[in-house]
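Source file data_20.csv; content: CSV, C-alpha atoms.
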chain,number,residue,atom,x,y,z
T,1,MET,CA,0.0,0.0,0.0
T,2,SER,CA,1.3,3.4,-0.9
T,3,ALA,CA,1.3,5.9,2.1
T,4,PRO,CA,-0.9,9.0,1.5
T,5,ASN,CA,0.7,12.5,2.0
T,6,ALA,CA,-1.3,13.2,5.1
T,7,PHE,CA,0.1,10.0,6.7
T,8,LEU,CA,3.7,10.9,5.7
T,9,THR,CA,3.4,14.4,7.2
T,10,ALA,CA,1.9,13.0,10.5
T,11,PHE,CA,4.4,10.1,10.6
T,12,PHE,CA,7.5,12.4,10.3
T,13,ALA,CA,6.1,14.7,13.0
T,14,ILE,CA,6.6,11.7,15.4
T,15,PRO,CA,10.0,12.2,17.1
T,16,LYS,CA,12.7,9.7,16.4
T,17,GLY,CA,13.5,7.4,19.3
T,18,SER,CA,11.1,6.8,22.2
T,19,SER,CA,8.4,9.2,23.1
T,20,THR,CA,4.9,9.4,24.5
T,21,GLY,CA,1.6,10.7,23.0
T,22,ARG,CA,-2.1,10.3,22.8
T,23,ALA,CA,-4.3,8.8,20.2
T,24,HIS,CA,-8.0,7.7,20.2
T,25,GLY,CA,-8.3,8.7,23.9
T,26,ARG,CA,-5.4,6.6,25.1
T,27,ARG,CA,-1.8,7.3,26.0
T,28,TYR,CA,0.9,5.4,24.2
T,29,ILE,CA,4.7,4.9,24.3
T,30,VAL,CA,6.0,5.2,20.8
T,31,SER,CA,9.3,4.2,19.2
T,32,ARG,CA,10.3,5.4,15.8
T,33,THR,CA,13.5,4.1,14.3
T,34,GLU,CA,15.3,4.9,11.1
T,35,PHE,CA,17.4,2.5,9.1
T,36,SER,CA,19.3,2.7,5.8
T,37,ASP,CA,19.9,6.4,5.9
T,38,GLY,CA,16.2,7.0,6.5
T,39,LYS,CA,14.9,4.9,3.6
T,40,SER,CA,13.4,2.4,6.0
T,41,GLN,CA,11.3,3.4,9.1
T,42,LYS,CA,9.9,1.2,11.9
T,43,LEU,CA,7.2,2.4,14.3
T,44,VAL,CA,6.0,0.5,17.3
T,45,ALA,CA,3.4,1.9,19.8
T,46,ARG,CA,1.9,0.4,22.9
T,47,ALA,CA,-1.0,1.8,24.9
T,48,LEU,CA,0.1,2.4,28.4
T,49,ASP,CA,-3.0,0.6,29.7
T,50,GLY,CA,-2.1,-2.5,27.7
T,51,SER,CA,-5.2,-2.3,25.5
T,52,ASP,CA,-3.6,-1.7,22.1
T,53,TYR,CA,-0.5,-2.3,20.0
T,54,ILE,CA,0.6,-0.8,16.7
T,55,SER,CA,3.5,-1.9,14.5
T,56,LEU,CA,4.5,-0.8,11.0
T,57,ASN,CA,7.3,-0.5,8.5
T,58,LEU,CA,7.6,2.4,6.1
T,59,TYR,CA,9.9,2.2,3.1
T,60,LEU,CA,10.8,5.2,1.0
T,61,THR,CA,11.7,4.0,-2.5
T,62,LYS,CA,12.4,5.8,-5.8
T,63,ARG,CA,8.8,4.9,-6.8
T,64,GLY,CA,7.2,6.3,-3.7
T,65,SER,CA,6.4,5.3,-0.2
T,66,LEU,CA,5.4,1.8,0.8
T,67,LEU,CA,3.4,1.2,4.1
T,68,ARG,CA,3.7,-2.3,5.5
T,69,PRO,CA,1.7,-2.8,8.7
T,70,CYS,CA,2.8,-5.8,10.8
T,71,GLU,CA,-0.1,-8.3,11.1
T,72,MET,CA,-2.8,-5.7,11.3
T,73,PRO,CA,-4.9,-3.7,8.8
T,74,ALA,CA,-3.4,-0.7,7.1
T,75,GLU,CA,-6.4,1.3,8.2
T,76,LYS,CA,-5.6,0.7,11.8
T,77,VAL,CA,-2.0,2.0,11.6
T,78,THR,CA,-3.0,4.9,9.3
T,79,GLU,CA,-5.8,6.1,11.7
T,80,PHE,CA,-3.3,5.8,14.6
T,81,VAL,CA,-0.6,7.9,13.0
T,82,LEU,CA,-3.1,10.5,11.8
T,83,ASP,CA,-4.7,10.8,15.3
T,84,LEU,CA,-1.5,10.6,17.4
T,85,THR,CA,-0.5,13.8,19.2
T,86,PRO,CA,3.1,13.5,20.5
T,87,ASP,CA,3.7,14.9,23.9
T,88,THR,CA,6.0,18.0,23.9
Translate the structure described by the file into structure tokens.
Amino acid sequence: MSAPNAFLTAFFAIPKGSSTGRAHGRRYIVSRTEFSDGKSQKLVARALDGSDYISLNLYLTKRGSLLRPCEMPAEKVTEFVLDLTPDT
């Protein structure tokens, strides 16, 4: 699945490394890691109350961006990233 521009903007607003934030009324700990000079991205998020888990890979290729959720629907990870408000 190609990642939409709104998703990419929201994704790159998430700080690299570990951080916290809020999405869908829950607090999460989020980890965003870059690989291969930023061409590969990994995001893992866990709700602090244990009720949810998010995992995805994002690949930036010459042909565009490829979103690869890990064993969950693309809609779930897309909605999470779009709704996430990182703590400042």
All residues 10 Å or closer to Tyr53 in chain T, all atoms listed in the file, same chain fewer than 5 positions away omitted, as a PyMOL selection string | chain T and resi 28-30+44-48+72+77
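We find CA of Thr9 in chain T and CA of Gly25 in chain T to be spaced 21.2 Å apart.
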Top pick for closest residue to Gly17 in chain T, considering T:Lys39, T:Arg32, T:Lys62, T:Lys76 and counting only C-alpha atoms |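 Nearest to Gly17 in chain T: T:Arg32.
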Give the answer as one residue: which of T:Met1, T:Leu43, T:Ala13, T:Leu8 has the shortest atom-to-atom distance to Pro86 in chain T, using all atoms listed in the file?
-> T:Ala13
As a check of understanding: the span from CA of Gly64 in chain T to CA of Asp52 in chain T is 29.1 Å
Rounded to one decimal in Å, what is the spacing between CA of Glu75 in chain T and CA of Gly21 in chain T?
-> 19.3 Å
Shell of 12 Å around Pro4 in chain T, only C-alpha atoms, local chain residues under 5 positions omitted, as a list of chain:residue names = T:Thr9, T:Ala10, T:Phe11, T:Leu58, T:Gly64, T:Ser65, T:Leu66, T:Leu67, T:Ala74, T:Glu75, T:Thr78, T:Glu79, T:Val81, T:Leu82
Residue with smallest distance to Glu71 in chain T - pool T:Ile54, T:Ala6, T:Ile14, T:Ala23, counting all atoms listed in the file | T:Ile54
